[in-house]
Amino acid sequence: MKVFEQSQLLNTLPKQFFASLVGKVNAIVEQGHDVINLGQGNPDQPTPSHIVKAMQEAVEKPVNHKYSPFRGQAYLKEAIATFYKREYGVDLDPTKEVAILFGGKAGLVEVPQCILNPGEVVLVPDPGYPDYWSGVELARAKMEMMPLLSENEFLPDYKKIPQHILDQAKLMFLNYPNNPTGATANKEFFADTVSIAKENDICVVHDFAYGAIGYDGIKPLSFLQVEGAKDIGIELYTFSKTFNMAGWRIGFAVGNASVIEAINLLQDHLYVSVFSAIQEAAAHALLSEQTCVEQLNDMYESRRNVLIREFQEIGWDVKAPAGSFFAWLPVPSGFTSEQFSDYLLDKAHVVVAPGIGFGQYGEGYVRVGLLTSEERLKEAARRIKDLSIF
């Protein structure tokens with residue numbers, strides 16, 4: 001059989017760093033070992049039953065078996081606008097300032113293709129979600145990294161970005177609560193972001209995937225809550241984390257009307273929108289009472305507290321994340337992040353994600369997910385303690 005060569009575009013896409021980690025984990029599992037996987041970002045809880053029921057009822061409707069409107073159902077866009085007004089006090093025009101996405105990842109990869117030309121510059125957080133890189137490469141654009149350092153609360157320091165880079169930049173990615181560091185942002189930082197974006201004609205894309213997950217009684221801020229944010233940017237939201245709907249592939253973008261129109265235009269050529277039954281269930285999730293979201297947040301906070309306490313008690317100098325369902329933990333001396341990840345997998349059968357997989361400035365850390373039970377988190381700590389490395 002003839003083998004056709006892949007396009008130059010496919011060959012230039014970033015290598016999937018975590019594919020090798022999955023291979024290593026599968027090899028240990030196949031040997032019959034009990035592996036505690038703290039390296040994943042896949043929610044471990046089911047979708048709330050009332051959302052599942054709404055989906056079941058929607059599937060029965062023949063009208064939903066037809067093609068959906070290209071740009072999504074109006075009722076879902078209206079529900080999104082209601083949700084943002086209720087949760088964040090943000091006014092949205094559902095006809096112009098909302099785009100339905102096939103999950104948050106799709107939007108993140110699409111946006112660079114919507115507004116960038118080859119060679120134009122994108123400011124990208126380092127460490128950060130690797131799929132930002134994929135979208136930039138598909139647009140044939142150029143990345144300039146913004147280091148996220150502990151001494152600056154894992155926020156980019158705009159004063160350290162050279163002016164000639166700001167002059168070239170057309171797009172900026174941000175993500176708070178942050179993956180992988182668990183850091184959160186305040187209004188002052190977002191106001192500074194709006195200011196620098198306006199001064200330099202930069203479009204800001206705020207990845208708000210973990211917007212529902214904040215700790216110690218502090219609700220994460222929407223970027224759009226800051227005055228002027230909608231003038232220069234958009235925010236991407238996903239149902240995956242807030243409602244445990246990761247496999248449903250549904251999300252949305254909100255904000256600047258011109259960017260929303262660009263997303264809609266690109267998607268006109270790619271899709272015929274999301275299955276309408278999923279859109280009905282998504283609207284139900286947004287408009288129904290949010291007890292399930294509050295309970296989920298409480299569960300993650302309890303897991304976070306257990307994880308941090310257990311790791312501190314074995315001598316690991318770790319700090320609690322302020323948001324997201326990840327903890328960003330320093331690697332002990334004598335290891336790189338990948339070496340430490342391999343060591344924990346081989347010796348303790350505990351999976352963590354090496355920081356280098358999230359960028360150059362991720363070196364020296366591992367990402368640990370709060371996506372298993374408290375008992376399994378305690379067991380992971382016990383196994384690591386037995387290694388006597390702290």
# chains A, B, ... in the order shown; residues from 1 in each chain; ligands from 1
call {"tool": "residues_around", "arguments": {"residues": "Ile260 of chain A", "least_positions_apart": "2", "cutoff": "10 Å", "atoms": "only C-alpha atoms", "output": "PyMOL selection string"}}
result
chain A and resi 95-100+111+114+233-234+252-258+262-265
call {"tool": "residues_around", "arguments": {"residues": "Asp346 of chain A", "least_positions_apart": "6", "cutoff": "10 Å", "atoms": "only C-alpha atoms", "output": "NGL selection string"}}
result
:A and (24-25 or 28 or 35 or 340)
call {"tool": "select_by_dssp", "arguments": {"residues": "segment 82-202 of chain A", "states": "strand (DSSP E)", "output": "list of chain:residue names"}}
result
A:Val98, A:Ala99, A:Ile100, A:Leu101, A:Val121, A:Val122, A:Leu123, A:Val124, A:Pro125, A:Asp126, A:Lys142, A:Met143, A:Glu144, A:Met145, A:Met146, A:Pro147, A:Ala169, A:Lys170, A:Leu171, A:Met172, A:Phe173, A:Leu174
call {"tool": "write_last_selection", "arguments": {"atoms": "N, CA and C atoms", "output": "compact mmCIF listing (two decimals), in the first residue's frame"}}
result
# COMPACT_ATOMS: atom_id res chain seq x y z
N VAL A 98 -20.97 36.37 21.33
CA VAL A 98 -20.91 34.98 21.80
C VAL A 98 -20.70 34.06 20.61
N ALA A 99 -19.74 33.15 20.72
CA ALA A 99 -19.53 32.10 19.71
C ALA A 99 -19.53 30.75 20.40
N ILE A 100 -20.23 29.78 19.83
CA ILE A 100 -20.28 28.42 20.37
C ILE A 100 -19.07 27.65 19.84
N LEU A 101 -18.39 26.92 20.72
CA LEU A 101 -17.16 26.20 20.36
C LEU A 101 -17.31 24.70 20.59
N VAL A 121 3.40 38.11 15.62
CA VAL A 121 3.87 37.68 16.94
C VAL A 121 2.72 37.46 17.92
N VAL A 122 2.84 36.37 18.69
CA VAL A 122 1.89 36.04 19.75
C VAL A 122 2.66 35.96 21.07
N LEU A 123 2.15 36.61 22.10
CA LEU A 123 2.72 36.51 23.44
C LEU A 123 2.07 35.33 24.15
N VAL A 124 2.90 34.38 24.59
CA VAL A 124 2.40 33.12 25.14
C VAL A 124 3.00 32.89 26.52
N PRO A 125 2.19 32.50 27.51
CA PRO A 125 2.74 32.23 28.84
C PRO A 125 3.60 30.98 28.86
N ASP A 126 4.67 31.03 29.63
CA ASP A 126 5.60 29.90 29.79
C ASP A 126 5.93 29.77 31.27
N LYS A 142 4.46 33.54 15.07
CA LYS A 142 5.70 33.41 15.85
C LYS A 142 5.40 33.65 17.33
N MET A 143 5.91 32.78 18.19
CA MET A 143 5.69 32.93 19.62
C MET A 143 6.82 33.70 20.30
N GLU A 144 6.44 34.57 21.21
CA GLU A 144 7.37 35.18 22.15
C GLU A 144 6.86 34.81 23.55
N MET A 145 7.73 34.20 24.35
CA MET A 145 7.30 33.66 25.63
C MET A 145 7.30 34.71 26.73
N MET A 146 6.29 34.63 27.59
CA MET A 146 6.20 35.47 28.78
C MET A 146 6.45 34.55 29.99
N PRO A 147 7.61 34.64 30.62
CA PRO A 147 7.90 33.76 31.75
C PRO A 147 6.94 33.98 32.92
N ALA A 169 3.74 42.44 18.54
CA ALA A 169 2.72 41.50 19.03
C ALA A 169 1.32 41.91 18.58
N LYS A 170 0.55 40.91 18.18
CA LYS A 170 -0.83 41.14 17.76
C LYS A 170 -1.82 40.38 18.64
N LEU A 171 -1.32 39.38 19.37
CA LEU A 171 -2.19 38.51 20.16
C LEU A 171 -1.46 38.13 21.44
N MET A 172 -2.23 37.97 22.53
CA MET A 172 -1.67 37.52 23.81
C MET A 172 -2.60 36.47 24.41
N PHE A 173 -2.01 35.35 24.86
CA PHE A 173 -2.77 34.34 25.61
C PHE A 173 -2.52 34.52 27.10
N LEU A 174 -3.60 34.47 27.87
CA LEU A 174 -3.53 34.41 29.33
C LEU A 174 -4.45 33.30 29.82
call {"tool": "closest_atom_pairs", "arguments": {"of": "segment 179-246 of chain A", "to": "segment 301-321 of chain A", "cutoff": "9 Å", "atoms": "only C-alpha atoms", "output": "JSON lines"}}
result
{"residue": "A:Thr181", "atom": "CA", "partner": "A:Pro321", "partner_atom": "CA", "distance": 7.2}
{"residue": "A:Gly182", "atom": "CA", "partner": "A:Pro321", "partner_atom": "CA", "distance": 4.7}
{"residue": "A:Ala183", "atom": "CA", "partner": "A:Pro321", "partner_atom": "CA", "distance": 6.1}
{"residue": "A:Thr184", "atom": "CA", "partner": "A:Pro321", "partner_atom": "CA", "distance": 8.5}
{"residue": "A:Ile213", "atom": "CA", "partner": "A:Glu301", "partner_atom": "CA", "distance": 8.6}
{"residue": "A:Gly214", "atom": "CA", "partner": "A:Glu301", "partner_atom": "CA", "distance": 8.1}
{"residue": "A:Tyr215", "atom": "CA", "partner": "A:Glu301", "partner_atom": "CA", "distance": 6.2}
{"residue": "A:Asp216", "atom": "CA", "partner": "A:Glu301", "partner_atom": "CA", "distance": 8.1}
call {"tool": "write_last_selection", "arguments": {"atoms": "all heavy atoms", "output": "mmCIF file, in the first residue's frame"}}
result
data_model
loop_
_atom_site.group_PDB
_atom_site.id
_atom_site.type_symbol
_atom_site.label_atom_id
_atom_site.label_comp_id
_atom_site.auth_asym_id
_atom_site.auth_seq_id
_atom_site.Cartn_x
_atom_site.Cartn_y
_atom_site.Cartn_z
ATOM 1 N N THR A 181 0.146 26.167 36.896
ATOM 2 C CA THR A 181 0.672 26.619 38.193
ATOM 3 C C THR A 181 -0.379 26.737 39.291
ATOM 4 O O THR A 181 -0.024 26.817 40.465
ATOM 5 C CB THR A 181 1.351 27.993 38.047
ATOM 6 O OG1 THR A 181 0.353 28.996 37.788
ATOM 7 C CG2 THR A 181 2.385 27.989 36.927
ATOM 8 N N GLY A 182 -1.666 26.785 38.938
ATOM 9 C CA GLY A 182 -2.701 26.975 39.945
ATOM 10 C C GLY A 182 -2.812 28.398 40.442
ATOM 11 O O GLY A 182 -3.566 28.681 41.377
ATOM 12 N N ALA A 183 -2.086 29.338 39.824
ATOM 13 C CA ALA A 183 -2.125 30.741 40.239
ATOM 14 C C ALA A 183 -3.424 31.400 39.775
ATOM 15 O O ALA A 183 -4.064 30.955 38.815
ATOM 16 C CB ALA A 183 -0.931 31.494 39.663
ATOM 17 N N THR A 184 -3.798 32.486 40.444
ATOM 18 C CA THR A 184 -4.945 33.283 40.043
ATOM 19 C C THR A 184 -4.507 34.726 39.797
ATOM 20 O O THR A 184 -3.408 35.134 40.199
ATOM 21 C CB THR A 184 -6.054 33.255 41.111
ATOM 22 O OG1 THR A 184 -5.501 33.665 42.373
ATOM 23 C CG2 THR A 184 -6.641 31.850 41.247
ATOM 24 N N ILE A 213 -13.277 27.261 39.587
ATOM 25 C CA ILE A 213 -12.531 26.564 40.634
ATOM 26 C C ILE A 213 -11.581 27.532 41.344
ATOM 27 O O ILE A 213 -10.472 27.812 40.871
ATOM 28 C CB ILE A 213 -11.752 25.369 40.048
ATOM 29 C CG1 ILE A 213 -12.696 24.472 39.245
ATOM 30 C CG2 ILE A 213 -11.078 24.577 41.164
ATOM 31 C CD1 ILE A 213 -11.994 23.377 38.473
ATOM 32 N N GLY A 214 -12.037 28.058 42.455
ATOM 33 C CA GLY A 214 -11.229 28.959 43.270
ATOM 34 C C GLY A 214 -11.367 28.586 44.728
ATOM 35 O O GLY A 214 -12.403 28.062 45.153
ATOM 36 N N TYR A 215 -10.335 28.876 45.521
ATOM 37 C CA TYR A 215 -10.271 28.384 46.896
ATOM 38 C C TYR A 215 -10.248 29.506 47.928
ATOM 39 O O TYR A 215 -10.056 30.672 47.590
ATOM 40 C CB TYR A 215 -9.045 27.485 47.054
ATOM 41 C CG TYR A 215 -9.018 26.340 46.065
ATOM 42 C CD1 TYR A 215 -7.890 26.067 45.300
ATOM 43 C CD2 TYR A 215 -10.135 25.533 45.880
ATOM 44 C CE1 TYR A 215 -7.865 25.014 44.398
ATOM 45 C CE2 TYR A 215 -10.122 24.473 44.983
ATOM 46 C CZ TYR A 215 -8.987 24.220 44.241
ATOM 47 O OH TYR A 215 -8.977 23.188 43.343
ATOM 48 N N ASP A 216 -10.419 29.094 49.175
ATOM 49 C CA ASP A 216 -10.341 29.996 50.324
ATOM 50 C C ASP A 216 -11.368 31.120 50.239
ATOM 51 O O ASP A 216 -11.124 32.248 50.670
ATOM 52 C CB ASP A 216 -8.922 30.574 50.453
ATOM 53 C CG ASP A 216 -7.863 29.482 50.547
ATOM 54 O OD1 ASP A 216 -8.070 28.530 51.336
ATOM 55 O OD2 ASP A 216 -6.856 29.551 49.821
#
call {"tool": "residues_around", "arguments": {"residues": "segment 266-279 of chain A", "least_positions_apart": "5", "cutoff": "7 Å", "atoms": "only C-alpha atoms", "output": "list of chain:residue names"}}
result
A:Met55, A:Ala58, A:Val59, A:Asn64, A:Tyr67, A:Ser68, A:Pro69, A:Phe70, A:Arg71, A:Gly72, A:Leu76, A:Phe102, A:Cys114
call {"tool": "write_last_selection", "arguments": {"atoms": "N, CA and C atoms", "output": "mmCIF file, in the first residue's frame"}}
result
data_model
loop_
_atom_site.group_PDB
_atom_site.id
_atom_site.type_symbol
_atom_site.label_atom_id
_atom_site.label_comp_id
_atom_site.auth_asym_id
_atom_site.auth_seq_id
_atom_site.Cartn_x
_atom_site.Cartn_y
_atom_site.Cartn_z
ATOM 1 N N MET A 55 -30.099 16.196 28.631
ATOM 2 C CA MET A 55 -29.576 15.676 27.366
ATOM 3 C C MET A 55 -30.435 14.521 26.859
ATOM 4 N N ALA A 58 -33.524 15.834 25.374
ATOM 5 C CA ALA A 58 -33.257 16.559 24.131
ATOM 6 C C ALA A 58 -32.977 15.607 22.969
ATOM 7 N N VAL A 59 -32.331 14.496 23.258
ATOM 8 C CA VAL A 59 -32.015 13.517 22.216
ATOM 9 C C VAL A 59 -33.292 12.942 21.596
ATOM 10 N N ASN A 64 -33.973 17.980 16.922
ATOM 11 C CA ASN A 64 -32.539 18.005 17.208
ATOM 12 C C ASN A 64 -31.739 17.029 16.350
ATOM 13 N N TYR A 67 -29.533 19.156 11.079
ATOM 14 C CA TYR A 67 -28.364 20.021 11.218
ATOM 15 C C TYR A 67 -28.684 21.165 12.173
ATOM 16 N N SER A 68 -27.743 21.480 13.028
ATOM 17 C CA SER A 68 -27.879 22.662 13.878
ATOM 18 C C SER A 68 -27.595 23.911 13.050
ATOM 19 N N PRO A 69 -28.075 25.079 13.481
ATOM 20 C CA PRO A 69 -27.670 26.318 12.813
ATOM 21 C C PRO A 69 -26.143 26.451 12.826
ATOM 22 N N PHE A 70 -25.590 26.960 11.756
ATOM 23 C CA PHE A 70 -24.132 27.032 11.635
ATOM 24 C C PHE A 70 -23.477 27.686 12.838
ATOM 25 N N ARG A 71 -24.075 28.731 13.338
ATOM 26 C CA ARG A 71 -23.441 29.490 14.418
ATOM 27 C C ARG A 71 -24.045 29.211 15.787
ATOM 28 N N GLY A 72 -24.709 28.075 15.901
ATOM 29 C CA GLY A 72 -25.214 27.661 17.195
ATOM 30 C C GLY A 72 -26.633 28.138 17.459
ATOM 31 N N LEU A 76 -28.912 28.937 23.387
ATOM 32 C CA LEU A 76 -27.671 28.715 24.138
ATOM 33 C C LEU A 76 -26.898 30.022 24.281
ATOM 34 N N PHE A 102 -16.543 23.935 19.840
ATOM 35 C CA PHE A 102 -16.453 22.492 20.061
ATOM 36 C C PHE A 102 -15.441 22.222 21.177
ATOM 37 N N CYS A 114 -7.654 32.951 13.075
ATOM 38 C CA CYS A 114 -8.683 33.935 12.761
ATOM 39 C C CYS A 114 -8.134 35.341 12.584
#
call {"tool": "residues_around", "arguments": {"residues": "Gln113 of chain A", "least_positions_apart": "2", "cutoff": "10 Å", "atoms": "only C-alpha atoms", "output": "PyMOL selection string"}}
result
chain A and resi 108-111+115-118+135-141+262-263+266
call {"tool": "write_last_selection", "arguments": {"atoms": "N, CA, C and O atoms", "output": "PDB file, in the first residue's frame"}}
result
ATOM      1  N   LEU A 108      -9.143  27.802  21.333  1.00  0.00           N
ATOM      2  CA  LEU A 108      -7.759  28.237  21.531  1.00  0.00           C
ATOM      3  C   LEU A 108      -6.921  28.008  20.282  1.00  0.00           C
ATOM      4  O   LEU A 108      -6.040  28.812  19.954  1.00  0.00           O
ATOM      5  N   VAL A 109      -7.173  26.912  19.596  1.00  0.00           N
ATOM      6  CA  VAL A 109      -6.415  26.605  18.387  1.00  0.00           C
ATOM      7  C   VAL A 109      -6.911  27.439  17.203  1.00  0.00           C
ATOM      8  O   VAL A 109      -6.129  27.805  16.315  1.00  0.00           O
ATOM      9  N   GLU A 110      -8.188  27.785  17.205  1.00  0.00           N
ATOM     10  CA  GLU A 110      -8.764  28.538  16.088  1.00  0.00           C
ATOM     11  C   GLU A 110      -8.396  30.017  16.100  1.00  0.00           C
ATOM     12  O   GLU A 110      -8.179  30.618  15.035  1.00  0.00           O
ATOM     13  N   VAL A 111      -8.337  30.620  17.282  1.00  0.00           N
ATOM     14  CA  VAL A 111      -8.192  32.075  17.355  1.00  0.00           C
ATOM     15  C   VAL A 111      -6.968  32.600  16.600  1.00  0.00           C
ATOM     16  O   VAL A 111      -7.081  33.582  15.853  1.00  0.00           O
ATOM     17  N   ILE A 115      -7.092  35.704  13.324  1.00  0.00           N
ATOM     18  CA  ILE A 115      -6.685  37.112  13.340  1.00  0.00           C
ATOM     19  C   ILE A 115      -5.198  37.336  13.058  1.00  0.00           C
ATOM     20  O   ILE A 115      -4.751  38.475  13.046  1.00  0.00           O
ATOM     21  N   LEU A 116      -4.429  36.274  12.824  1.00  0.00           N
ATOM     22  CA  LEU A 116      -2.999  36.444  12.581  1.00  0.00           C
ATOM     23  C   LEU A 116      -2.628  36.102  11.153  1.00  0.00           C
ATOM     24  O   LEU A 116      -3.227  35.228  10.526  1.00  0.00           O
ATOM     25  N   ASN A 117      -1.612  36.774  10.677  1.00  0.00           N
ATOM     26  CA  ASN A 117      -0.999  36.452   9.396  1.00  0.00           C
ATOM     27  C   ASN A 117       0.355  35.796   9.646  1.00  0.00           C
ATOM     28  O   ASN A 117       0.939  35.960  10.730  1.00  0.00           O
ATOM     29  N   PRO A 118       0.877  35.054   8.668  1.00  0.00           N
ATOM     30  CA  PRO A 118       2.176  34.392   8.875  1.00  0.00           C
ATOM     31  C   PRO A 118       3.253  35.367   9.331  1.00  0.00           C
ATOM     32  O   PRO A 118       3.376  36.479   8.801  1.00  0.00           O
ATOM     33  N   GLY A 135      -1.995  26.172  17.934  1.00  0.00           N
ATOM     34  CA  GLY A 135      -2.738  27.174  17.192  1.00  0.00           C
ATOM     35  C   GLY A 135      -1.833  28.190  16.531  1.00  0.00           C
ATOM     36  O   GLY A 135      -2.086  28.626  15.400  1.00  0.00           O
ATOM     37  N   VAL A 136      -0.775  28.563  17.232  1.00  0.00           N
ATOM     38  CA  VAL A 136       0.178  29.529  16.675  1.00  0.00           C
ATOM     39  C   VAL A 136       0.869  28.938  15.447  1.00  0.00           C
ATOM     40  O   VAL A 136       1.018  29.606  14.419  1.00  0.00           O
ATOM     41  N   GLU A 137       1.270  27.683  15.528  1.00  0.00           N
ATOM     42  CA  GLU A 137       1.943  27.046  14.391  1.00  0.00           C
ATOM     43  C   GLU A 137       0.997  26.896  13.199  1.00  0.00           C
ATOM     44  O   GLU A 137       1.397  27.095  12.051  1.00  0.00           O
ATOM     45  N   LEU A 138      -0.249  26.539  13.457  1.00  0.00           N
ATOM     46  CA  LEU A 138      -1.209  26.414  12.361  1.00  0.00           C
ATOM     47  C   LEU A 138      -1.433  27.749  11.653  1.00  0.00           C
ATOM     48  O   LEU A 138      -1.747  27.779  10.461  1.00  0.00           O
ATOM     49  N   ALA A 139      -1.268  28.846  12.385  1.00  0.00           N
ATOM     50  CA  ALA A 139      -1.401  30.174  11.789  1.00  0.00           C
ATOM     51  C   ALA A 139      -0.097  30.664  11.163  1.00  0.00           C
ATOM     52  O   ALA A 139      -0.062  31.754  10.590  1.00  0.00           O
ATOM     53  N   ARG A 140       0.958  29.843  11.302  1.00  0.00           N
ATOM     54  CA  ARG A 140       2.286  30.227  10.803  1.00  0.00           C
ATOM     55  C   ARG A 140       2.770  31.519  11.454  1.00  0.00           C
ATOM     56  O   ARG A 140       3.471  32.331  10.848  1.00  0.00           O
ATOM     57  N   ALA A 141       2.371  31.703  12.691  1.00  0.00           N
ATOM     58  CA  ALA A 141       2.781  32.886  13.439  1.00  0.00           C
ATOM     59  C   ALA A 141       4.011  32.568  14.277  1.00  0.00           C
ATOM     60  O   ALA A 141       4.543  31.460  14.244  1.00  0.00           O
ATOM     61  N   ALA A 262     -14.946  36.685  13.603  1.00  0.00           N
ATOM     62  CA  ALA A 262     -13.887  35.940  12.919  1.00  0.00           C
ATOM     63  C   ALA A 262     -13.953  34.458  13.273  1.00  0.00           C
ATOM     64  O   ALA A 262     -13.783  33.586  12.401  1.00  0.00           O
ATOM     65  N   ILE A 263     -14.182  34.149  14.549  1.00  0.00           N
ATOM     66  CA  ILE A 263     -14.316  32.747  14.965  1.00  0.00           C
ATOM     67  C   ILE A 263     -15.504  32.098  14.264  1.00  0.00           C
ATOM     68  O   ILE A 263     -15.409  30.987  13.720  1.00  0.00           O
ATOM     69  N   LEU A 266     -14.690  31.405  10.549  1.00  0.00           N
ATOM     70  CA  LEU A 266     -13.839  30.227  10.363  1.00  0.00           C
ATOM     71  C   LEU A 266     -14.645  28.951  10.581  1.00  0.00           C
ATOM     72  O   LEU A 266     -14.557  27.995   9.792  1.00  0.00           O
TER      73      LEU A 266
END
call {"tool": "atom_distance", "arguments": {"atom1": "atom CA of Pro127 of chain A", "atom2": "atom CA of Gly362 of chain A"}}
result
5.0 Å
call {"tool": "closest_residue", "arguments": {"among": "A:Gly41, A:Gly128, A:Gly103, A:Pro48", "to": "Leu148 of chain A", "atoms": "only C-alpha atoms"}}
result
A:Gly128
call {"tool": "atom_distance", "arguments": {"atom1": "atom CA of Asp34 of chain A", "atom2": "atom CA of Gln16 of chain A"}}
result
25.4 Å
call {"tool": "closest_residue", "arguments": {"among": "A:Arg367, A:His349, A:Arg249, A:Arg383", "to": "Asn26 of chain A", "atoms": "only C-alpha atoms"}}
result
A:His349
call {"tool": "closest_residue", "arguments": {"among": "A:Ala282, A:Leu377, A:Val259, A:Leu329", "to": "Ala246 of chain A", "atoms": "only C-alpha atoms"}}
result
A:Ala282
call {"tool": "closest_residue", "arguments": {"among": "A:Pro43, A:Pro180, A:Gly89, A:Gly228", "to": "Val352 of chain A", "atoms": "only C-alpha atoms"}}
result
A:Pro180
call {"tool": "select_by_dssp", "arguments": {"residues": "segment 87-328 of chain A", "states": "alpha helix (DSSP H)", "output": "PyMOL selection string"}}
result
chain A and resi 87-88+104-115+131-138+163-168+187-200+229-232+239-242+257-268+276-287+291-313
call {"tool": "write_last_selection", "arguments": {"atoms": "C-alpha atoms", "output": "mmCIF file, in the first residue's frame"}}
result
data_model
loop_
_atom_site.group_PDB
_atom_site.id
_atom_site.type_symbol
_atom_site.label_atom_id
_atom_site.label_comp_id
_atom_site.auth_asym_id
_atom_site.auth_seq_id
_atom_site.Cartn_x
_atom_site.Cartn_y
_atom_site.Cartn_z
ATOM 1 C CA GLU A 87 -21.994 35.200 37.724
ATOM 2 C CA TYR A 88 -19.769 38.143 36.756
ATOM 3 C CA GLY A 104 -12.371 25.231 24.755
ATOM 4 C CA LYS A 105 -9.390 23.633 23.025
ATOM 5 C CA ALA A 106 -10.955 24.155 19.599
ATOM 6 C CA GLY A 107 -11.319 27.867 20.274
ATOM 7 C CA LEU A 108 -7.759 28.237 21.531
ATOM 8 C CA VAL A 109 -6.415 26.605 18.387
ATOM 9 C CA GLU A 110 -8.764 28.538 16.088
ATOM 10 C CA VAL A 111 -8.192 32.075 17.355
ATOM 11 C CA PRO A 112 -4.642 32.517 15.984
ATOM 12 C CA GLN A 113 -5.873 31.387 12.570
ATOM 13 C CA CYS A 114 -8.683 33.935 12.761
ATOM 14 C CA ILE A 115 -6.685 37.112 13.340
ATOM 15 C CA ASP A 131 -2.174 23.661 22.646
ATOM 16 C CA TYR A 132 -1.526 27.407 22.519
ATOM 17 C CA TRP A 133 1.587 26.464 20.574
ATOM 18 C CA SER A 134 -0.405 24.333 18.148
ATOM 19 C CA GLY A 135 -2.738 27.174 17.192
ATOM 20 C CA VAL A 136 0.178 29.529 16.675
ATOM 21 C CA GLU A 137 1.943 27.046 14.391
ATOM 22 C CA LEU A 138 -1.209 26.414 12.361
ATOM 23 C CA GLN A 163 9.084 47.411 23.469
ATOM 24 C CA HIS A 164 10.061 46.099 20.063
ATOM 25 C CA ILE A 165 8.315 42.817 20.914
ATOM 26 C CA LEU A 166 5.213 44.678 22.091
ATOM 27 C CA ASP A 167 5.267 46.642 18.826
ATOM 28 C CA GLN A 168 5.218 43.382 16.861
ATOM 29 C CA LYS A 187 -8.217 43.077 39.015
ATOM 30 C CA GLU A 188 -5.054 45.156 39.121
ATOM 31 C CA PHE A 189 -3.240 42.680 36.887
ATOM 32 C CA PHE A 190 -6.137 42.457 34.446
ATOM 33 C CA ALA A 191 -6.366 46.274 34.376
ATOM 34 C CA ASP A 192 -2.653 46.439 33.542
ATOM 35 C CA THR A 193 -3.295 43.880 30.804
ATOM 36 C CA VAL A 194 -6.044 46.015 29.280
ATOM 37 C CA SER A 195 -3.791 49.065 29.396
ATOM 38 C CA ILE A 196 -0.836 47.427 27.688
ATOM 39 C CA ALA A 197 -3.086 45.781 25.111
ATOM 40 C CA LYS A 198 -4.700 49.101 24.195
ATOM 41 C CA GLU A 199 -1.368 50.900 23.998
ATOM 42 C CA ASN A 200 0.088 48.268 21.673
ATOM 43 C CA ALA A 229 -11.500 44.311 28.518
ATOM 44 C CA LYS A 230 -14.206 43.655 25.951
ATOM 45 C CA ASP A 231 -12.745 46.408 23.757
ATOM 46 C CA ILE A 232 -9.495 44.511 23.296
ATOM 47 C CA PHE A 239 -18.230 23.160 30.265
ATOM 48 C CA SER A 240 -15.575 20.470 30.781
ATOM 49 C CA LYS A 241 -14.386 21.584 34.203
ATOM 50 C CA THR A 242 -17.348 23.502 35.627
ATOM 51 C CA ALA A 257 -17.487 41.392 18.523
ATOM 52 C CA SER A 258 -14.924 41.505 15.720
ATOM 53 C CA VAL A 259 -13.004 38.519 17.098
ATOM 54 C CA ILE A 260 -16.250 36.618 17.728
ATOM 55 C CA GLU A 261 -17.266 37.225 14.108
ATOM 56 C CA ALA A 262 -13.887 35.940 12.919
ATOM 57 C CA ILE A 263 -14.316 32.747 14.965
ATOM 58 C CA ASN A 264 -17.818 32.260 13.596
ATOM 59 C CA LEU A 265 -16.616 32.804 10.044
ATOM 60 C CA LEU A 266 -13.839 30.227 10.363
ATOM 61 C CA GLN A 267 -16.219 27.732 11.938
ATOM 62 C CA ASP A 268 -18.715 28.287 9.112
ATOM 63 C CA SER A 276 -28.417 20.575 19.291
ATOM 64 C CA ALA A 277 -29.191 18.125 22.093
ATOM 65 C CA ILE A 278 -25.812 18.960 23.625
ATOM 66 C CA GLN A 279 -26.607 22.655 23.228
ATOM 67 C CA GLU A 280 -29.919 22.154 25.063
ATOM 68 C CA ALA A 281 -28.163 20.364 27.910
ATOM 69 C CA ALA A 282 -25.498 23.080 28.031
ATOM 70 C CA ALA A 283 -28.129 25.808 28.285
ATOM 71 C CA HIS A 284 -29.797 23.855 31.080
ATOM 72 C CA ALA A 285 -26.464 23.586 32.923
ATOM 73 C CA LEU A 286 -25.953 27.347 32.771
ATOM 74 C CA LEU A 287 -29.477 28.353 33.762
ATOM 75 C CA THR A 291 -25.296 23.633 43.717
ATOM 76 C CA CYS A 292 -23.426 20.966 41.753
ATOM 77 C CA VAL A 293 -20.730 23.500 40.850
ATOM 78 C CA GLU A 294 -20.368 24.610 44.468
ATOM 79 C CA GLN A 295 -20.111 21.003 45.626
ATOM 80 C CA LEU A 296 -17.477 20.251 43.001
ATOM 81 C CA ASN A 297 -15.405 23.237 44.080
ATOM 82 C CA ASP A 298 -15.665 22.146 47.715
ATOM 83 C CA MET A 299 -14.501 18.650 46.779
ATOM 84 C CA TYR A 300 -11.438 19.991 44.962
ATOM 85 C CA GLU A 301 -10.616 22.304 47.857
ATOM 86 C CA SER A 302 -10.796 19.401 50.299
ATOM 87 C CA ARG A 303 -8.551 17.323 48.052
ATOM 88 C CA ARG A 304 -6.138 20.247 47.723
ATOM 89 C CA ASN A 305 -5.914 20.567 51.491
ATOM 90 C CA VAL A 306 -5.259 16.847 51.907
ATOM 91 C CA LEU A 307 -2.615 16.807 49.165
ATOM 92 C CA ILE A 308 -0.707 19.817 50.497
ATOM 93 C CA ARG A 309 -0.876 18.652 54.113
ATOM 94 C CA GLU A 310 0.276 15.120 53.293
ATOM 95 C CA PHE A 311 3.141 16.289 51.097
ATOM 96 C CA GLN A 312 4.288 18.879 53.630
ATOM 97 C CA GLU A 313 4.286 16.219 56.340
#
call {"tool": "atom_distance", "arguments": {"atom1": "atom CA of Ser341 of chain A", "atom2": "atom CA of Ala209 of chain A"}}
result
25.3 Å
